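Asker: For reference, the structure I am asking about is given below.
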Amino acid sequence: MPVVPPFLYLMLKKLNKLIERAHRVSRYGAWFGGVLILMAAVVVSLDVVVRELFTLPVGGTDELSGFALAISSAFAFSYALLERAHVRIDSLYTILPIRVRAILDIIGLSVFTLFMTLLAWQALGVFTESVKNNSVTLSAFAWPLRFPQFFWIVGLFWFVVVAALLLLRSLITLLKGDWNLVQRQIGSKTVQEELKEELKLAEIRHEQYESKAQDQINNNEEFR
């Protein structure tokens, strides 16, 4: 086990707290994105109904649904990263030694973070141009682009912050020589981990079902 300066342990403790808070914020962001998708679905459905019944096109629904998809995706990126839910092709990954997997995980996260940083930077340029030119959509409603683009870049930059925190924590963990923990922090979920999560969710649902059943029994006894 390599010798690690004490300040790195303190930094690791701080990072764990920051990432825990970031996880909570990212969950709220994912919920916000989900609400936007549901609202877009409602608007599109109303548009279809109005077109069928009154042959009256509403217009602009495709733009609104596009905004909702872009914003919800941007906010979901960070939550998916924290949950290790991004899709990976890990046919060879699972049979590699743990040290090789940990190094590949860090390289992959570094490249991913760099790519998303460039994407967020370019998105900021698009937003700045929209504000400068007062850009609007091409539909009859002429929606101002700066408002949806603002939420879009917030989601992208938030992902960059979360990815940077995860990358820094994994590098410190690597310096500690804890290869297994690096894999658990940023690597693909193993079958055992996914099975454990499913069993935990099933246990929670079972407890909720028993609680509801007991409440119904108690209510029936009160009416007797």
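Each chain in the structure tokens gets a letter, A, B, ..., in the order shown, and its residues are numbered from 1; ligands are numbered from 1 in order too.
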Which neighbours of Leu114 (chain A) fall inside 9 Å, counting only C-alpha atoms, when residues of the same chain fewer than 5 positions from it are skipped, and could you give them as a PDB file with C-alpha atoms, in the first residue's frame?
Answerer:
ATOM      1  CA  LEU A 109     -13.905   9.296 -17.458  1.00  0.00           C
ATOM      2  CA  LEU A 119     -19.539  20.582 -25.633  1.00  0.00           C
ATOM      3  CA  VAL A 160     -18.754  18.875 -16.049  1.00  0.00           C
TER       4      VAL A 160
END
Asker: For Ser26 (chain A), list every protein, DNA or RNA residue within 8 Å, evaluated using only C-alpha atoms, and leave out those in the same chain fewer than 2 positions away; present the list as number ranges by chain.
Answerer: A: 22-24, 28-30, 75-76, 78-79
Asker: So that I can see what lies close to region 184-198 of chain A, please list as a PyMOL selection string the residues with an atom at most 9 Å from it, counting only C-alpha atoms and leaving out residues fewer than 5 positions away in the same chain.
Answerer: chain A and resi 81-88+90+93-94+101-102+104-106+109+166-167+169-170+179+203
Asker: As a count of residues only, please: the residues near region 150-158 of chain A (cut-off 9 Å, only C-alpha atoms, same-chain neighbours under 3 positions excluded).
Answerer: 26
Asker: Quote the spacing between CA of Pro144 (chain A) and CA of Glu52 (chain A) in Å to one decimal place.
Answerer: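 It comes out at 28.7 Å.
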Asker: With DSSP run on the backbone, what are the alpha helix (DSSP H) residues within region 12-183 of chain A? I'd like them as number ranges by chain.
Answerer: A: 12-54, 61-82, 98-133, 146-176, 179-183
Asker: Output the selection as a CSV table (one decimal), in the first residue's frame - C-alpha atoms for each residue.
Answerer:
chain,number,residue,atom,x,y,z
A,12,LEU,CA,-11.1,12.6,-0.1
A,13,LYS,CA,-13.4,13.1,2.8
A,14,LYS,CA,-14.5,16.5,1.6
A,15,LEU,CA,-14.9,15.1,-1.9
A,16,ASN,CA,-17.2,12.3,-0.7
A,17,LYS,CA,-19.4,14.9,1.0
A,18,LEU,CA,-19.5,17.1,-2.1
A,19,ILE,CA,-20.3,14.2,-4.3
A,20,GLU,CA,-23.1,13.1,-1.9
A,21,ARG,CA,-24.6,16.6,-2.2
A,22,ALA,CA,-24.1,16.6,-6.0
A,23,HIS,CA,-26.0,13.3,-6.1
A,24,ARG,CA,-28.9,14.9,-4.4
A,25,VAL,CA,-28.9,17.9,-6.7
A,26,SER,CA,-28.6,15.7,-9.8
A,27,ARG,CA,-31.6,13.6,-8.6
A,28,TYR,CA,-33.7,16.8,-8.5
A,29,GLY,CA,-32.4,17.8,-11.9
A,30,ALA,CA,-33.4,14.4,-13.3
A,31,TRP,CA,-36.9,14.8,-11.8
A,32,PHE,CA,-37.1,18.3,-13.3
A,33,GLY,CA,-36.2,16.8,-16.7
A,34,GLY,CA,-38.8,14.1,-16.3
A,35,VAL,CA,-41.5,16.7,-15.6
A,36,LEU,CA,-40.4,18.6,-18.8
A,37,ILE,CA,-40.8,15.4,-20.8
A,38,LEU,CA,-44.2,14.7,-19.4
A,39,MET,CA,-45.3,18.3,-20.1
A,40,ALA,CA,-44.0,18.0,-23.7
A,41,ALA,CA,-45.9,14.7,-24.1
A,42,VAL,CA,-49.1,16.5,-22.9
A,43,VAL,CA,-48.6,19.4,-25.3
A,44,VAL,CA,-47.9,17.1,-28.3
A,45,SER,CA,-51.0,15.0,-27.4
A,46,LEU,CA,-53.2,18.1,-27.3
A,47,ASP,CA,-51.8,19.2,-30.6
A,48,VAL,CA,-52.7,15.9,-32.2
A,49,VAL,CA,-56.2,16.0,-30.7
A,50,VAL,CA,-56.8,19.5,-31.9
A,51,ARG,CA,-55.6,18.7,-35.4
A,52,GLU,CA,-57.9,15.7,-35.6
A,53,LEU,CA,-61.0,17.3,-34.2
A,54,PHE,CA,-60.8,20.9,-35.5
A,61,THR,CA,-45.0,21.8,-30.3
A,62,ASP,CA,-42.1,20.2,-32.0
A,63,GLU,CA,-39.9,23.1,-30.8
A,64,LEU,CA,-41.2,22.8,-27.2
A,65,SER,CA,-40.6,19.0,-27.2
A,66,GLY,CA,-37.1,19.6,-28.6
A,67,PHE,CA,-36.3,22.0,-25.8
A,68,ALA,CA,-37.7,19.6,-23.2
A,69,LEU,CA,-35.6,16.8,-24.6
A,70,ALA,CA,-32.4,18.8,-24.7
A,71,ILE,CA,-32.8,20.2,-21.2
A,72,SER,CA,-33.9,16.9,-19.6
A,73,SER,CA,-31.0,15.1,-21.3
A,74,ALA,CA,-28.5,17.7,-20.0
A,75,PHE,CA,-29.7,17.3,-16.4
A,76,ALA,CA,-29.9,13.5,-16.7
A,77,PHE,CA,-26.2,13.2,-17.8
A,78,SER,CA,-24.9,13.9,-14.3
A,79,TYR,CA,-27.4,11.6,-12.5
A,80,ALA,CA,-26.6,8.8,-14.9
A,81,LEU,CA,-22.9,9.3,-14.3
A,82,LEU,CA,-23.3,9.2,-10.5
A,98,ILE,CA,-8.9,-5.1,-11.6
A,99,ARG,CA,-5.9,-2.8,-12.0
A,100,VAL,CA,-6.4,-2.6,-15.8
A,101,ARG,CA,-10.1,-2.0,-15.3
A,102,ALA,CA,-9.4,0.8,-12.8
A,103,ILE,CA,-7.0,2.5,-15.2
A,104,LEU,CA,-9.4,2.2,-18.1
A,105,ASP,CA,-12.2,3.6,-16.0
A,106,ILE,CA,-10.1,6.7,-15.2
A,107,ILE,CA,-9.0,7.1,-18.8
A,108,GLY,CA,-12.6,6.8,-20.0
A,109,LEU,CA,-13.9,9.3,-17.5
A,110,SER,CA,-11.1,11.7,-18.4
A,111,VAL,CA,-12.0,11.6,-22.1
A,112,PHE,CA,-15.7,11.8,-21.3
A,113,THR,CA,-15.1,14.9,-19.1
A,114,LEU,CA,-12.9,16.5,-21.7
A,115,PHE,CA,-15.5,16.0,-24.4
A,116,MET,CA,-18.4,17.3,-22.3
A,117,THR,CA,-16.3,20.3,-21.3
A,118,LEU,CA,-15.8,21.2,-25.0
A,119,LEU,CA,-19.5,20.6,-25.6
A,120,ALA,CA,-20.5,22.8,-22.7
A,121,TRP,CA,-18.1,25.5,-23.9
A,122,GLN,CA,-19.6,25.5,-27.4
A,123,ALA,CA,-23.1,25.5,-26.0
A,124,LEU,CA,-22.1,28.6,-24.0
A,125,GLY,CA,-21.1,30.2,-27.3
A,126,VAL,CA,-24.5,29.4,-28.8
A,127,PHE,CA,-26.3,30.9,-25.8
A,128,THR,CA,-24.2,34.0,-26.0
A,129,GLU,CA,-25.0,34.5,-29.6
A,130,SER,CA,-28.7,34.0,-29.0
A,131,VAL,CA,-28.7,36.6,-26.2
A,132,LYS,CA,-26.7,39.1,-28.4
A,133,ASN,CA,-28.9,38.7,-31.4
A,146,ARG,CA,-32.1,32.2,-24.7
A,147,PHE,CA,-34.4,30.9,-22.0
A,148,PRO,CA,-34.4,27.1,-23.0
A,149,GLN,CA,-30.7,27.4,-23.9
A,150,PHE,CA,-29.9,28.8,-20.5
A,151,PHE,CA,-31.3,25.7,-18.7
A,152,TRP,CA,-29.5,23.5,-21.3
A,153,ILE,CA,-26.0,25.0,-20.6
A,154,VAL,CA,-26.7,24.9,-16.8
A,155,GLY,CA,-27.3,21.1,-17.1
A,156,LEU,CA,-24.2,20.6,-19.3
A,157,PHE,CA,-21.9,22.6,-17.0
A,158,TRP,CA,-23.3,20.9,-13.9
A,159,PHE,CA,-22.3,17.6,-15.6
A,160,VAL,CA,-18.8,18.9,-16.0
A,161,VAL,CA,-18.6,19.8,-12.3
A,162,VAL,CA,-19.8,16.4,-11.3
A,163,ALA,CA,-17.5,14.6,-13.6
A,164,ALA,CA,-14.5,16.6,-12.4
A,165,LEU,CA,-15.4,15.7,-8.8
A,166,LEU,CA,-15.6,12.0,-9.6
A,167,LEU,CA,-12.4,12.1,-11.6
A,168,LEU,CA,-10.5,13.8,-8.8
A,169,ARG,CA,-11.8,11.4,-6.2
A,170,SER,CA,-10.9,8.4,-8.3
A,171,LEU,CA,-7.4,9.7,-8.8
A,172,ILE,CA,-6.9,10.2,-5.1
A,173,THR,CA,-8.3,6.7,-4.5
A,174,LEU,CA,-5.9,5.3,-7.1
A,175,LEU,CA,-3.0,7.0,-5.2
A,176,LYS,CA,-4.1,5.1,-2.1
A,179,TRP,CA,-8.1,-0.5,-7.1
A,180,ASN,CA,-11.4,-2.1,-6.2
A,181,LEU,CA,-12.8,1.1,-4.8
A,182,VAL,CA,-11.9,3.0,-8.0
A,183,GLN,CA,-13.9,0.4,-10.0
